[in-house]
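Participant: Let me give you the structure first, and then I'll get to my questions.
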Amino acid sequence: MYNPLTRREMLSCSGNSFGAAVLACWLGSESSKAAEPDLNGGLHHRAKVRRVIQLFMNGGASPMDTFDYKPELKRLHGQNLGPKEKPEGFTAAVGSVMKSPFEFKQYGEAGRWVSSVFPHQAQIVDELAFLMAMTTKTNVHGPASYMMNTGFMLPGFPCLGAWVSYALGNLADNLPTFVVLPDSRGLPYNQKANFSCGFLPAKHQGTLVNAASQNPIPDLFADAQYKFARGSADRDTVALLQQMNRQHAASRPEDSRLEARIAAGELAAKMQLSAPEAFDLSRETKETHEAYGLNQKETEDFGRRCLLGRRLLERGTRFVQVWSGPQGAVNNWDNHGNIQTELPPIAKSVDQPIATLFRDLKSRGLLEDTLVIWTTEFGRTPFAQGSLGRDHNRGTFVTWLAGAGVKAGASYGKSDDLGYQTAEGKTYCYDLHATILHLLGIDHKQLTFRTAGIDRRLTDVHGHVVQQILS
Amino acid sequence: MKEILGLFIFLPLLAPVSSSFADENAFFRDAVAPILSKHCYDCHSHAAGLMEGGLTLDWQSGWKKGGTRGPAIIPGQPEQSLLIKAVQHTDPDLQMPETRLSDQEISVLVRWVKQGAIDPRHTKPASDTADATDWWSLKSLQRPEVPAIHVDNPVDAFIQNRLKAANVSASSAADRRTLIRRLTYDLHGLQPTIADVEAFVNDESPDAYRRLVDRLLDDAHYGERWARHWFDTIHFADSHGFEHDVFRPHAWRYRDYVIQRLNADIPWSQFIREQLAVDFFFPERTELIPALGFLGAGPYDQSAAATAPKSFEYLDRDDLVTQTMGAFVSTTANCARCHTHKFDPITQSDYFALQAVFAGIGKGDISFDADSRIASQRNHWEALKTAAQNQNSELLLLPENQKLVTEWEQNRGSQPRWETLEPDIFVSTQGARLKRLPDHSILSETKPPEQETVIVTGSTKLSTVTAVRLDLLTDESLPHKGPGRAQNGNLHLSEFELQSFPENASSGTVIPIRRATADFNQDGWTIEHAIDGNPKTAWGIYPKVSMGHYAVFEPESPLKIEPGTRLVVTLKQLHGGAHIIGRFKLSVTDSPNLDVIALPTEAETVLTIPQQQRTPKQQLTLASTILKYRAEQELKQLPGQVKVYAAGAEAVNERGLVKYSQPREIHLLARGDLEKPREVIPPGALSALTPLPGRFDLPESHPESARRAALADWLADSKNPLTWRSIANRVWHYHFGTGLCDTPNDFGRMGGTPSHPELLDWLACELRDHNGSLKHLHRLICNSHTYRQSSASRSELVKLDPENRLLARMSRRRLDADSYRDAVLLVSGELDLKQGGPGDAHFTTTPGPQVTPVLHYDQFDLNRPDAHRRSIYRVVWRGIPDPLMDALDFPDLGLLAPTRGFSASPLQSLVLLNNRFVLHFAHKLAERAAKSETIPGQVRQIILWVWLREPTTEELNQLTELAQQHGLESVCRLVLNSNEFLFVE
């Protein structure tokens, strides 16, 4: 009745089993199956992607002011064409049609329209693949953020990064498998629950890294005030601890969990050796710093996290998620008040770093097996909120993907003339997630975890791989 | 036309098909039936047990009769047939199935209908529902025979019978040190002290172990431990979760309730009834109101509640259905939200019947009297107050109440003497002309302003003021002679404010008013509104215009007046429409309080008539006035109510009072889609579990709580096959680490099947038949040999029973996050065992970008006394977990967590080695051990406390060397990270 994978962890990781494979499984190392050469690290079919960096624009990035050019808005500007009754989740009354205050131009060979807020991404559009008609089920930040991260509108479900960690394990055992880099100004909506591993084992949750801190990984080392836990004291203590734990395990050979804790201790020591180097951005050149925008106030924070993301991917972190904008009324993509003044600064803060990240990954050959995703939790209304802002709109929004396995310059789906709803080629988070998993060599229908009586999937009972944007 | 056109287009395609069929029955069988079966039967057939919209398509009568929208097919008229419309996806409201059929399939169906929809399926297909309940958990609960093998404990009889069949012997009992450690962690979530261990090891009496079990069960730490399990099961936490992860300062009262009820070992059925509907079953037991915290346990989407209320309520009820059915009957009812359950006998209608149970509740803080005696007094006086307001003679003229009136009358002195407050200064802020008349009253003249505020400053010779009186007087110059200046003679006094100005003071002192009374109150515009601080409410006197009125305002305490002190009275009249006072006069008195209330003229008149001569009507007039004041006075003196975060008929949250006049009407939603409401569903539960009622028989008009009570009764019924198995299995799960059924929240076909079904049924019967006592079950289990077995490795079991489901030995378990933290505190000598009360926040906060604060777990002062209580008392912030607890698999309480996970990772190792909590208490442990004289003595002491045994010589040498090199704290840090400490044998 069960797919053998369904209960991979529950059965093969059970406390009384034994063997190297089990140990690997406890620790989240690459599964033996994933190591089969013809799968290239995939679980069900050959993988094209081995690592992922996801850039999440928190607050609902406006499509018609960035990538979704809508000339009709200019013609209909000022007309009352919106719904008469306030739809669920709109925060205010629906105003009249509002044109984009930004100039759009065509870029690249495909002549893709991009607004003036993204001059740098405009230069790489030929290498990106766009989902132009993404849609979601709610106009409220909390559930919508859950949806785009976990596939469910409710708390408690594992996010994409956790599922990938669960499915594929790590690429390197000296760095965390799944790293989250939140905006230094604060956490997104839903706090840490967007990076939760839900009901998956705790090791799959996102490791929250404060890129601006001296101690980016909490508890990597003991605080300096605890001298007995630093330096040689630490080394000698851990060595004796490992020895005593081995003695303890020797008379309990059937229990792989004891071995797993000992092995985890060894990996922790490796991480202590490797992580400081990985997190040390001073090892990058001045040119690199400047290319990522670390020398400019506006781009410094996001640029630093993109650069750190690249260093981590390079060294074997499997999945990096970089957030732009905290929760709240300011400094993010939730531009209710005035799109003309609120969007440009947040757009500027990411634009150059993103373009640089892409080029950097490419020039280093990392793009051969890395996927880059740019996304958000929903779109914004073509109707004004107040007179200058835009409200939440689940109807349609834009996501782009780039890198391994992605058809450069492709575009799938269309929004309607106003950019209010999808018109064709509608995709949900399920389809996006199915596509990402597919690139990683995972069949989204076969990646399941049994909890409370249900074989849960990232894609619930939905999801189609969007072949149109795959190479 | 469109369909016909389509038919022509596909005609060439069909031509070869049609020619190959001998007759129409064959056409149906070979071409039509496969399409129906492939695309429609999943939701519209007897075999699937699913008849969405009441429609079946697996026999002729099914589509002829049709569903809620009427017949699905009109033979010969494809364009009129709903089925054809649905498959063509032309009508946005009727598109089925979700993925459109191929054009060729559609044209086959169109042709079939056009040709008369010949359908040879005349007999009703057999339905699968007959055996839907043929499943272990749904069979009626019968007490199994205990296997006749020679053991004392029935649990052992079942377990060993099975082992015998597998030709495996049970393990021998664990040693006493292991047993007391195992039992103390299991029943208390605590490590025993070395003194406890030694006492038990040295107890030579034959019933030492049994007495230990009893002692631990009788201790209040038992409730603290087992409450934690329940909170995991029902995803209880101290904050909302979601976008606005707001703290719930009153959630802890539910935590304390659960601890207390588990310690009291109340019957499980009562535990169910209290948590779902204590307000219905035990309204007088107000101290149990925190039980309703069960209904408020889960997350709450504050943002969606404000901006997307319809979908918010839908999902919020869904969470409650999931929680209630998962926790009490291990049923995944929520799987039937979009379609009838694919595996278990739960129809979509059942699911919405369960939603209907919760269709009238509000989530938020519920106020209650923690002392039920206070509640009964409150009820008494509230009832009397209502009776007075409604002139309920039956109640008011009861001898006991008449006695109160007589008492008042006897205590009342002569009429209070009112001294006129001579107005020195009086101003209108709106520029009306105010004129002082010879009787010291003030008249408002010229064009009346819309609104008015009059400030009067005056002085008195009295040395004490117990009340200020405001007389509203008539005057020929006013409309209808006043006393107001509105067209109808009315006025609205929005606020009355009193200040005292001692001589030479630079500012006045506001005098709080404790009570205001008036001789007459306009309906809905009572005098209380003049002192409620709300400028939008006011006192009025309509329709009793053209006559004088008065009101009396009493300061919180009698006001001492020094010579030279002046009183300032502000009369705010902000209603608009010239509802302002026409003529008024102020006076003061020093009479004792009881005397000074304003009485309606009718009551004043009654007082002048000797008691014996009063008519019943006159008695009523007096009683309703006097008893209302008395009731208000008594109510004011009662201690305040406290709150719990819960859900019920009414609750207060960020949106104010949430109270539905009627429960929401719940519709079955096709595919679970809010946009596709179908028939109305009444409250109920699962309809397949006869003889239990599938829908609740409630009177037409019933309180909201009656719905919850009906569900509680359904769940708590001794005939419910799921309830008793569910809790018996949970208890087993927590004792052994794995349930007899290893999916404690799912006893359906997708869940596990029990390893020992008879044992589970026997335990369920024991529980049911022993007054639902959990402690009875704990005693049975803990005293069994099965539980007392050693966990030592046995090589032959590795292959035979790798998951230890046969239980030929005890399973080893890692400490859960809570037990680990508590044990670290205990061994370091710092554990504070104080029980109950508000939770401890193990973090500091700073304001966040929105209402959710930023939590700093790393900046909390670990020396604070409230840092040292047991983990059950910590604040659990749903969306911002404590990194220490998180690393040790404390669950994400966004969802139900019926089991705790196990993980091992480098990050977990780093947390246990370097988290400041561990290091701080390693330091404390070292300090505690430093009282021993030598380093080896100190090391030995630490090992005794932490490992509860003597160190071996080698261990002692190695650890002593470590201590000599790096300090005793290094030894402490090591043992707190050791697997021997982290695992329980």
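By order of appearance in the structure tokens: chains A, B, ..., then residues from 1 within every chain, and ligands from 1 in the order shown.
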With a distance cut-off of 12 Å and only C-alpha atoms, select the neighbouring residues of region 705-707 of chain B, excluding the residue or stretch itself and same-chain residues fewer than 4 positions from it, and output the selection as a PyMOL selection string.

Facilitator: chain B and resi 273-283+292+353-362+647-650+660+662-663+682-685+695-701+711-714

Participant: Just list the residues in region 49-195 of chain A DSSP gives alpha helix (DSSP H) on the backbone, as a list in words.

Facilitator: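 Filtering region 49-195 of chain A to alpha helix (DSSP H) leaves Pro71, Glu72, Leu73, Lys74, Arg75, Leu76, Pro119, His120, Gln121, Ala122, His141, Gly142, Pro143, Ala144, Ser145, Tyr146, Met147, Met148, Asn149, Thr150, Leu160, Gly161, Ala162, Trp163, Val164, Ser165, Tyr166, Ala167 and Leu168 of chain A.
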
Participant: According to DSSP computed on the backbone, where in region 488-540 of chain B is there strand (DSSP E)? Give the residues as a PDB file with N, CA and C atoms, in the first residue's frame.

Facilitator:
ATOM      1  N   GLU B 495     -21.591  64.436  29.138  1.00  0.00           N
ATOM      2  CA  GLU B 495     -20.702  64.135  30.255  1.00  0.00           C
ATOM      3  C   GLU B 495     -20.858  65.186  31.346  1.00  0.00           C
ATOM      4  N   PHE B 496     -20.815  64.724  32.578  1.00  0.00           N
ATOM      5  CA  PHE B 496     -20.793  65.598  33.739  1.00  0.00           C
ATOM      6  C   PHE B 496     -19.424  65.431  34.378  1.00  0.00           C
ATOM      7  N   GLU B 497     -18.702  66.532  34.581  1.00  0.00           N
ATOM      8  CA  GLU B 497     -17.379  66.421  35.195  1.00  0.00           C
ATOM      9  C   GLU B 497     -17.267  67.378  36.379  1.00  0.00           C
ATOM     10  N   LEU B 498     -16.589  66.912  37.421  1.00  0.00           N
ATOM     11  CA  LEU B 498     -16.463  67.702  38.650  1.00  0.00           C
ATOM     12  C   LEU B 498     -14.976  67.858  38.986  1.00  0.00           C
ATOM     13  N   GLN B 499     -14.591  69.089  39.300  1.00  0.00           N
ATOM     14  CA  GLN B 499     -13.209  69.326  39.743  1.00  0.00           C
ATOM     15  C   GLN B 499     -13.239  70.186  40.995  1.00  0.00           C
ATOM     16  N   SER B 500     -12.229  70.022  41.843  1.00  0.00           N
ATOM     17  CA  SER B 500     -12.140  70.939  42.978  1.00  0.00           C
ATOM     18  C   SER B 500     -10.862  71.765  42.822  1.00  0.00           C
ATOM     19  N   PHE B 501     -10.980  73.032  43.154  1.00  0.00           N
ATOM     20  CA  PHE B 501      -9.871  73.977  43.057  1.00  0.00           C
ATOM     21  C   PHE B 501      -9.580  74.542  44.429  1.00  0.00           C
ATOM     22  N   THR B 509      -8.359  69.446  40.705  1.00  0.00           N
ATOM     23  CA  THR B 509      -8.285  67.994  40.841  1.00  0.00           C
ATOM     24  C   THR B 509      -9.594  67.407  40.323  1.00  0.00           C
ATOM     25  N   VAL B 510      -9.451  66.462  39.411  1.00  0.00           N
ATOM     26  CA  VAL B 510     -10.674  65.826  38.898  1.00  0.00           C
ATOM     27  C   VAL B 510     -11.227  64.889  39.964  1.00  0.00           C
ATOM     28  N   ILE B 513     -16.534  60.312  39.785  1.00  0.00           N
ATOM     29  CA  ILE B 513     -17.934  60.137  40.214  1.00  0.00           C
ATOM     30  C   ILE B 513     -18.217  58.647  40.285  1.00  0.00           C
ATOM     31  N   ARG B 514     -18.719  58.182  41.432  1.00  0.00           N
ATOM     32  CA  ARG B 514     -18.932  56.747  41.532  1.00  0.00           C
ATOM     33  C   ARG B 514     -20.340  56.338  41.120  1.00  0.00           C
ATOM     34  N   ARG B 515     -21.270  57.272  41.231  1.00  0.00           N
ATOM     35  CA  ARG B 515     -22.641  56.910  40.865  1.00  0.00           C
ATOM     36  C   ARG B 515     -23.401  58.156  40.472  1.00  0.00           C
ATOM     37  N   ALA B 516     -24.260  57.992  39.489  1.00  0.00           N
ATOM     38  CA  ALA B 516     -25.162  59.072  39.108  1.00  0.00           C
ATOM     39  C   ALA B 516     -26.565  58.504  39.057  1.00  0.00           C
ATOM     40  N   THR B 517     -27.518  59.240  39.607  1.00  0.00           N
ATOM     41  CA  THR B 517     -28.916  58.789  39.566  1.00  0.00           C
ATOM     42  C   THR B 517     -29.770  59.952  39.096  1.00  0.00           C
ATOM     43  N   ALA B 518     -30.921  59.610  38.520  1.00  0.00           N
ATOM     44  CA  ALA B 518     -31.801  60.668  38.019  1.00  0.00           C
ATOM     45  C   ALA B 518     -33.241  60.307  38.310  1.00  0.00           C
TER      46      ALA B 518
END

Participant: Considering only C-alpha atoms, return as a CSV table (one decimal) with N, CA and C atoms, in the first residue's frame whatever protein or nucleic-acid residues lie within 8 Å of region 425-437 of chain A, sequence-local ones (same chain, fewer than 2 positions apart) excluded.

Facilitator:
chain,number,residue,atom,x,y,z
A,131,LEU,N,7.0,33.2,-15.4
A,131,LEU,CA,5.6,32.7,-15.3
A,131,LEU,C,4.8,34.0,-15.1
A,133,ALA,N,1.5,34.5,-15.3
A,133,ALA,CA,0.1,34.4,-14.8
A,133,ALA,C,0.1,33.5,-13.6
A,134,MET,N,0.9,33.8,-12.6
A,134,MET,CA,0.8,33.1,-11.3
A,134,MET,C,-0.4,33.6,-10.5
A,135,THR,N,-1.0,32.7,-9.8
A,135,THR,CA,-2.2,33.2,-9.0
A,135,THR,C,-2.2,32.4,-7.7
A,136,THR,N,-2.9,32.9,-6.7
A,136,THR,CA,-3.0,32.3,-5.4
A,136,THR,C,-4.4,32.4,-4.9
A,147,MET,N,1.3,29.9,1.7
A,147,MET,CA,0.9,29.2,0.4
A,147,MET,C,2.2,29.2,-0.5
A,148,MET,N,2.8,30.3,-0.7
A,148,MET,CA,4.0,30.3,-1.6
A,148,MET,C,5.2,29.6,-1.1
A,151,GLY,N,2.8,25.6,0.3
A,151,GLY,CA,1.7,25.0,-0.5
A,151,GLY,C,0.4,24.9,0.2
A,160,LEU,N,9.2,24.7,1.1
A,160,LEU,CA,9.9,24.1,-0.1
A,160,LEU,C,11.4,23.7,0.3
A,164,VAL,N,13.0,20.0,0.2
A,164,VAL,CA,14.2,19.6,-0.6
A,164,VAL,C,15.2,19.0,0.3
A,412,TYR,N,5.6,32.0,-19.9
A,412,TYR,CA,4.4,31.2,-19.9
A,412,TYR,C,3.2,31.9,-19.2
A,413,GLY,N,2.1,32.0,-19.8
A,413,GLY,CA,0.9,32.6,-19.2
A,413,GLY,C,0.8,34.0,-19.5
A,414,LYS,N,-0.5,34.5,-19.3
A,414,LYS,CA,-0.8,35.9,-19.6
A,414,LYS,C,-1.8,36.4,-18.6
A,422,THR,N,-5.7,36.4,-14.1
A,422,THR,CA,-5.0,35.6,-15.2
A,422,THR,C,-5.9,35.5,-16.4
A,423,ALA,N,-5.3,35.5,-17.6
A,423,ALA,CA,-6.1,35.3,-18.8
A,423,ALA,C,-5.8,33.9,-19.4
A,439,LEU,N,12.9,19.8,-11.6
A,439,LEU,CA,14.3,20.1,-12.0
A,439,LEU,C,15.3,19.4,-11.0
A,440,LEU,N,14.9,19.3,-9.8
A,440,LEU,CA,15.8,18.6,-8.8
A,440,LEU,C,15.8,17.1,-8.9
A,441,GLY,N,15.0,16.6,-9.9
A,441,GLY,CA,15.0,15.2,-10.0
A,441,GLY,C,14.0,14.5,-9.1
A,442,ILE,N,12.9,15.3,-8.7
A,442,ILE,CA,11.9,14.7,-7.8
A,442,ILE,C,10.6,14.8,-8.5
A,443,ASP,N,9.8,13.7,-8.4
A,443,ASP,CA,8.4,13.7,-8.8
A,443,ASP,C,7.6,14.2,-7.7
A,444,HIS,N,7.0,15.4,-7.8
A,444,HIS,CA,6.3,16.0,-6.7
A,444,HIS,C,5.2,15.1,-6.1
A,458,LEU,N,4.2,18.4,-0.8
A,458,LEU,CA,4.3,19.9,-0.9
A,458,LEU,C,3.2,20.5,-1.8
A,459,THR,N,2.8,19.7,-2.8
A,459,THR,CA,1.9,20.2,-3.8
A,459,THR,C,0.4,19.7,-3.5
A,460,ASP,N,0.2,19.2,-2.3
A,460,ASP,CA,-1.1,18.8,-1.8
A,460,ASP,C,-1.7,17.8,-2.9
A,462,HIS,N,-2.4,18.8,-6.0
A,462,HIS,CA,-2.4,19.6,-7.3
A,462,HIS,C,-1.0,19.5,-7.9
A,463,GLY,N,-0.8,20.4,-8.8
A,463,GLY,CA,0.6,20.6,-9.4
A,463,GLY,C,0.8,20.0,-10.7
A,464,HIS,N,1.3,20.8,-11.7
A,464,HIS,CA,1.7,20.3,-13.0
A,464,HIS,C,3.1,20.9,-13.3
A,465,VAL,N,4.0,20.1,-13.8
A,465,VAL,CA,5.3,20.7,-14.1
A,465,VAL,C,5.1,21.6,-15.3
A,466,VAL,N,5.6,22.8,-15.3
A,466,VAL,CA,5.4,23.8,-16.4
A,466,VAL,C,6.5,23.5,-17.4
A,467,GLN,N,6.2,22.6,-18.3
A,467,GLN,CA,7.2,22.2,-19.3
A,467,GLN,C,7.6,23.3,-20.2

Participant: For the interface of chain A with chain B (cut-off 6 Å, counting only C-alpha atoms), please tabulate each contacting residue of chain A alongside its nearest pair of atoms and their separation in Å to one decimal, rows sorted by chain and increasing number, as JSON lines.

Facilitator:
{"residue": "A:Asn16", "atom": "CA", "partner": "B:Pro802", "partner_atom": "CA", "distance": 5.1}
{"residue": "A:Ser17", "atom": "CA", "partner": "B:Pro802", "partner_atom": "CA", "distance": 5.8}
{"residue": "A:Leu27", "atom": "CA", "partner": "B:Ser905", "partner_atom": "CA", "distance": 5.5}
{"residue": "A:Glu88", "atom": "CA", "partner": "B:Ala308", "partner_atom": "CA", "distance": 4.2}
{"residue": "A:Gly89", "atom": "CA", "partner": "B:Ala308", "partner_atom": "CA", "distance": 4.4}
{"residue": "A:Thr91", "atom": "CA", "partner": "B:Thr307", "partner_atom": "CA", "distance": 5.9}
{"residue": "A:Val140", "atom": "CA", "partner": "B:Ala304", "partner_atom": "CA", "distance": 6.0}
{"residue": "A:Gly142", "atom": "CA", "partner": "B:Glu243", "partner_atom": "CA", "distance": 4.3}
{"residue": "A:Pro155", "atom": "CA", "partner": "B:Gly894", "partner_atom": "CA", "distance": 4.6}
{"residue": "A:Gly156", "atom": "CA", "partner": "B:Gly894", "partner_atom": "CA", "distance": 4.1}
{"residue": "A:Tyr189", "atom": "CA", "partner": "B:Glu243", "partner_atom": "CA", "distance": 4.7}
{"residue": "A:Asn190", "atom": "CA", "partner": "B:Glu243", "partner_atom": "CA", "distance": 4.3}
{"residue": "A:Gln191", "atom": "CA", "partner": "B:Gly879", "partner_atom": "CA", "distance": 5.7}
{"residue": "A:Lys192", "atom": "CA", "partner": "B:Gly879", "partner_atom": "CA", "distance": 5.7}
{"residue": "A:Ala193", "atom": "CA", "partner": "B:Gly879", "partner_atom": "CA", "distance": 5.2}
{"residue": "A:Gly198", "atom": "CA", "partner": "B:Asp892", "partner_atom": "CA", "distance": 5.8}
{"residue": "A:Pro201", "atom": "CA", "partner": "B:Ser903", "partner_atom": "CA", "distance": 5.8}
{"residue": "A:Ala202", "atom": "CA", "partner": "B:Asp889", "partner_atom": "CA", "distance": 5.6}
{"residue": "A:Lys203", "atom": "CA", "partner": "B:Ser905", "partner_atom": "CA", "distance": 5.9}
{"residue": "A:Asp219", "atom": "CA", "partner": "B:Asn914", "partner_atom": "CA", "distance": 5.2}
{"residue": "A:Leu220", "atom": "CA", "partner": "B:Leu910", "partner_atom": "CA", "distance": 5.8}
{"residue": "A:Ala222", "atom": "CA", "partner": "B:Asn914", "partner_atom": "CA", "distance": 4.5}
{"residue": "A:Phe228", "atom": "CA", "partner": "B:Ser970", "partner_atom": "CA", "distance": 5.6}
{"residue": "A:Ala233", "atom": "CA", "partner": "B:His966", "partner_atom": "CA", "distance": 5.5}
{"residue": "A:Leu241", "atom": "CA", "partner": "B:Leu974", "partner_atom": "CA", "distance": 5.7}
{"residue": "A:Asn245", "atom": "CA", "partner": "B:Asn979", "partner_atom": "CA", "distance": 5.9}
{"residue": "A:Arg252", "atom": "CA", "partner": "B:Ser793", "partner_atom": "CA", "distance": 5.7}
{"residue": "A:Arg261", "atom": "CA", "partner": "B:Ala904", "partner_atom": "CA", "distance": 5.6}
{"residue": "A:Ala264", "atom": "CA", "partner": "B:Pro906", "partner_atom": "CA", "distance": 4.5}
{"residue": "A:Gly265", "atom": "CA", "partner": "B:Ser909", "partner_atom": "CA", "distance": 5.6}
{"residue": "A:Leu267", "atom": "CA", "partner": "B:Pro906", "partner_atom": "CA", "distance": 5.5}
{"residue": "A:Ala268", "atom": "CA", "partner": "B:Pro906", "partner_atom": "CA", "distance": 4.3}
{"residue": "A:Gly328", "atom": "CA", "partner": "B:Pro849", "partner_atom": "CA", "distance": 5.0}
{"residue": "A:Ala452", "atom": "CA", "partner": "B:Asn745", "partner_atom": "CA", "distance": 5.3}
{"residue": "A:Gly453", "atom": "CA", "partner": "B:Asp746", "partner_atom": "CA", "distance": 4.8}
